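Have a look at input35.txt; it's compact mmCIF, C-alpha atoms and all ligand atoms:
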# COMPACT_ATOMS: atom_id res chain seq x y z
CA MET A 1 39.46 277.57 204.17
CA LYS A 2 35.85 276.62 203.60
CA ILE A 3 33.83 274.91 206.35
CA PRO A 4 30.07 274.35 206.76
CA ILE A 5 29.71 276.66 209.78
CA CYS A 6 30.45 280.36 209.99
CA ASP A 7 33.80 281.69 211.23
CA LEU A 8 32.33 282.92 214.48
CA CYS A 9 30.94 279.49 215.36
CA ALA A 10 34.18 277.79 214.33
CA LYS A 11 36.11 279.94 216.77
CA SER A 12 33.74 279.64 219.72
CA ASN A 13 31.95 276.90 221.60
CA ALA A 14 28.51 278.25 220.89
CA LEU A 15 26.44 278.30 217.73
CA CYS A 16 24.89 281.42 216.26
CA SER A 17 21.18 281.31 215.47
CA GLY A 18 21.88 280.70 211.77
CA CYS A 19 24.08 277.65 212.33
CA GLU A 20 21.82 276.41 215.15
CA GLU A 21 18.88 276.52 212.76
CA ARG A 22 20.75 274.47 210.15
CA LEU A 23 21.69 271.95 212.82
CA LYS A 24 18.04 271.61 213.86
CA GLU A 25 16.94 271.18 210.26
CA GLY A 26 19.51 268.42 209.83
CA ARG A 27 21.42 270.28 207.13
CA LEU A 28 24.37 270.35 209.49
CA SER A 29 25.40 267.64 211.96
CA GLU A 30 27.20 267.72 215.30
CA LEU A 31 30.03 265.93 213.55
CA ASP A 32 30.24 268.69 210.92
CA VAL A 33 30.52 271.21 213.75
CA THR A 34 33.19 269.20 215.58
CA ILE A 35 35.33 268.76 212.47
CA SER A 36 34.90 272.41 211.44
CA ARG A 37 36.13 273.61 214.82
CA LEU A 38 38.99 271.16 214.73
CA LEU A 39 40.07 272.34 211.27
CA GLN A 40 39.87 275.91 212.50
CA LYS A 41 42.24 274.97 215.31
CA LEU A 42 44.52 272.93 213.05
CA SER A 43 44.83 275.82 210.62
CA ASP A 44 47.28 277.39 213.10
CA THR A 45 49.61 274.44 212.64
CA TYR A 46 48.93 273.15 209.13
CA ASN A 47 48.48 274.83 205.81
CA LEU A 48 44.73 274.52 205.40
CA GLN A 49 44.22 277.61 203.30
CA GLY A 50 42.91 275.63 200.36
CA ALA A 51 40.85 273.26 202.51
CA ASP A 52 37.23 272.90 201.53
CA PHE A 53 35.32 270.80 204.06
CA TYR A 54 31.81 270.18 202.81
CA LYS A 55 30.24 267.60 205.10
CA ALA A 56 31.07 264.54 207.17
CA VAL A 57 29.34 261.21 206.59
CA ASP A 58 29.20 259.07 209.71
CA LEU A 59 29.31 255.38 208.88
CA ASP A 60 29.71 254.18 212.48
CA ARG A 61 33.16 252.62 212.21
CA LEU A 62 34.28 255.08 209.60
CA VAL A 63 33.80 258.78 208.98
CA ILE A 64 34.02 260.05 205.43
CA VAL A 65 35.02 263.68 205.22
CA LEU A 66 33.77 265.14 201.97
CA THR A 67 35.60 267.95 200.28
CA LYS A 68 34.74 270.00 197.24
CA GLY A 69 38.37 270.85 196.84
CA ASP A 70 41.67 269.06 196.80
CA VAL A 71 41.59 265.81 198.78
CA GLY A 72 45.30 266.18 199.54
CA VAL A 73 44.85 269.34 201.61
CA LEU A 74 42.65 267.54 204.15
CA ILE A 75 44.89 264.51 204.17
CA GLY A 76 47.88 266.68 204.89
CA ARG A 77 51.55 265.98 204.52
CA GLU A 78 52.25 262.39 205.58
CA GLY A 79 48.56 262.10 206.44
CA LYS A 80 48.92 264.33 209.47
CA VAL A 81 45.68 266.28 209.07
CA VAL A 82 43.52 263.21 208.48
CA SER A 83 45.11 261.50 211.47
CA GLU A 84 44.32 264.53 213.68
CA ILE A 85 40.68 264.34 212.54
CA SER A 86 40.66 260.61 213.19
CA THR A 87 41.96 261.08 216.74
CA ALA A 88 39.41 263.81 217.46
CA VAL A 89 36.39 261.83 216.28
CA GLY A 90 37.71 258.49 217.55
CA LYS A 91 37.08 256.69 214.28
CA LYS A 92 38.83 255.87 211.07
CA VAL A 93 38.56 258.75 208.63
CA ARG A 94 38.64 258.77 204.86
CA ILE A 95 38.70 261.94 202.77
CA ALA A 96 36.67 261.86 199.57
CA GLU A 97 35.76 264.36 196.94
CA VAL A 98 32.16 265.42 196.51
CA SER A 99 31.02 266.95 193.26
CA GLY A 100 27.75 267.69 191.57
CA ASP A 101 27.97 264.16 190.24
CA MET A 102 25.95 262.03 192.66
CA HIS A 103 27.10 258.81 191.02
CA LYS A 104 30.76 259.66 191.57
CA THR A 105 30.18 260.80 195.16
CA VAL A 106 28.31 257.62 196.12
CA SER A 107 30.92 255.50 194.31
CA ASP A 108 33.64 257.13 196.42
CA ILE A 109 31.69 256.45 199.61
CA VAL A 110 30.90 252.77 199.03
CA VAL A 111 34.39 251.92 197.76
CA PRO A 112 35.83 249.22 197.60
CA ALA A 113 32.33 247.93 196.74
CA ARG A 114 31.04 249.00 193.33
CA LEU A 115 28.03 251.16 192.71
CA LEU A 116 25.82 249.55 190.07
CA GLY A 117 23.56 252.53 189.64
CA ILE A 118 21.25 255.08 191.18
CA ASN A 119 17.59 255.33 190.25
CA THR A 120 15.10 257.98 191.14
CA VAL A 121 11.92 256.48 192.50
CA PHE A 122 8.71 258.01 193.79
CA GLY A 123 6.90 256.96 196.90
CA ASP A 124 4.64 258.67 199.44
CA GLY A 125 4.60 261.67 197.12
CA LYS A 126 8.34 262.10 197.55
CA GLN A 127 11.32 261.61 195.34
CA LYS A 128 13.69 258.98 196.65
CA TYR A 129 16.91 257.50 195.44
CA ARG A 130 17.54 253.82 195.04
CA VAL A 131 21.23 253.05 195.31
CA ARG A 132 21.97 249.70 193.68
CA LEU A 133 24.87 247.64 194.96
CA ALA A 134 26.16 244.17 194.19
CA LYS A 135 24.95 241.47 196.58
CA ASN A 136 28.27 239.64 196.44
CA GLU A 137 30.09 242.78 197.59
CA ILE A 138 28.11 243.40 200.78
CA ARG A 139 31.13 242.59 202.89
CA GLN A 140 33.25 245.13 201.07
CA LEU A 141 30.93 247.98 202.01
CA PRO A 142 32.25 250.44 204.59
CA ALA A 143 29.02 250.09 206.62
CA ASP A 144 25.80 248.11 206.74
CA ALA A 145 22.86 249.04 204.52
CA LYS A 146 20.88 250.81 207.28
CA THR A 147 23.81 253.01 208.21
CA LEU A 148 24.52 253.79 204.58
CA GLU A 149 20.89 254.67 203.90
CA LYS A 150 20.85 257.07 206.81
CA ALA A 151 24.18 258.67 205.95
CA LEU A 152 23.43 259.05 202.25
CA GLY A 153 19.96 260.34 203.11
CA GLN A 154 21.49 263.08 205.22
CA LEU A 155 24.03 263.89 202.57
CA PHE A 156 21.53 264.21 199.74
CA GLU A 157 18.73 265.53 201.97
CA SER A 158 16.42 262.93 200.52
CA ASP A 159 15.28 259.39 201.26
CA VAL A 160 17.77 256.80 200.09
CA LEU A 161 17.03 253.11 199.70
CA ILE A 162 19.79 250.60 199.24
CA SER A 163 19.09 247.57 197.14
CA PHE A 164 21.30 244.61 196.46
CA GLU A 165 21.24 242.79 193.15
ZN ZN J 201 27.35 280.41 212.94

Could you write out this structure as structure tokens?
Ligand SMILES: [Zn+2]
Amino acid sequence: MKIPICDLCAKSNALCSGCEERLKEGRLSELDVTISRLLQKLSDTYNLQGADFYKAVDLDRLVIVLTKGDVGVLIGREGKVVSEISTAVGKKVRIAEVSGDMHKTVSDIVVPARLLGINTVFGDGKQKYRVRLAKNEIRQLPADAKTLEKALGQLFESDVLISFE
């Protein structure tokens, strides 16, 4: 099983200096830690050997759990694993695959709304991403634009601007 914190931290209630540092830098979130520890616990009951938990995206009402592996493993038989995660975080949970393909990852997050495109823009001497969505699909988005900008920004460790066309 792959999780974003080390084994030691997954099995205890404290964080080692390495994981603590990543949490402070924002490369790891409290939610990532919570879900990692939960999966560690669930691995006693469920077959999570092939699980590959990359990161959680918190969209307020919904949490998207990103995996670099097989989506089915984190869903579990009859959806049991995903429902355990949902109970633990107190929100609806969707499992999505993350790959090196940013377009595909963002598409999977904003579904059922469509992603029109992603542009790289420069501002304040920094590279940012502009995620273009359809104005008439705003209500199909899993979260409001602000929440999405923040969540995608954390995920891609870069500033993300959402624009509607
Ligand atoms: Zn650690």

Between chain A and ligand ZN 201 (chain J), at 8 Å or less, what are the per-residue closest atom pairs and their distances in Å? Count only C-alpha atoms and all ligand atoms, order by chain and rising residue number, and return it as a Markdown table.
| residue | atom | partner | partner_atom | distance |
| --- | --- | --- | --- | --- |
| A:Ile5 | CA | J:ZN201 | ZN | 5.4 |
| A:Cys6 | CA | J:ZN201 | ZN | 4.3 |
| A:Asp7 | CA | J:ZN201 | ZN | 6.8 |
| A:Leu8 | CA | J:ZN201 | ZN | 5.8 |
| A:Cys9 | CA | J:ZN201 | ZN | 4.4 |
| A:Ala10 | CA | J:ZN201 | ZN | 7.4 |
| A:Leu15 | CA | J:ZN201 | ZN | 5.3 |
| A:Cys16 | CA | J:ZN201 | ZN | 4.3 |
| A:Ser17 | CA | J:ZN201 | ZN | 6.7 |
| A:Gly18 | CA | J:ZN201 | ZN | 5.6 |
| A:Cys19 | CA | J:ZN201 | ZN | 4.3 |
| A:Glu20 | CA | J:ZN201 | ZN | 7.2 |

As a check of understanding: the span from atom CA of A:Val160 to atom CA of A:Thr105 is 13.9 Å

Rounded to one decimal in Å, what is the spacing between atom CA of A:Gly26 and atom CA of A:Phe164?
-> 27.4 Å

Point-to-point distance from atom CA of A:Ser158 to atom CA of A:Lys128, Å rounded to tenths = 6.2 Å

Please check which residues have atoms at most 9 Å from (16.8, 261.6, 196.6) in the file's coordinates, counting only C-alpha atoms, and write them as a compact mmCIF listing (two decimals) with C-alpha atoms, in the coordinates of the input.
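And here's out.txt as it stands now:
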# COMPACT_ATOMS: atom_id res chain seq x y z
CA ASN A 119 17.59 255.33 190.25
CA THR A 120 15.10 257.98 191.14
CA VAL A 121 11.92 256.48 192.50
CA LYS A 126 8.34 262.10 197.55
CA GLN A 127 11.32 261.61 195.34
CA LYS A 128 13.69 258.98 196.65
CA TYR A 129 16.91 257.50 195.44
CA ARG A 130 17.54 253.82 195.04
CA GLY A 153 19.96 260.34 203.11
CA PHE A 156 21.53 264.21 199.74
CA GLU A 157 18.73 265.53 201.97
CA SER A 158 16.42 262.93 200.52
CA ASP A 159 15.28 259.39 201.26
CA VAL A 160 17.77 256.80 200.09
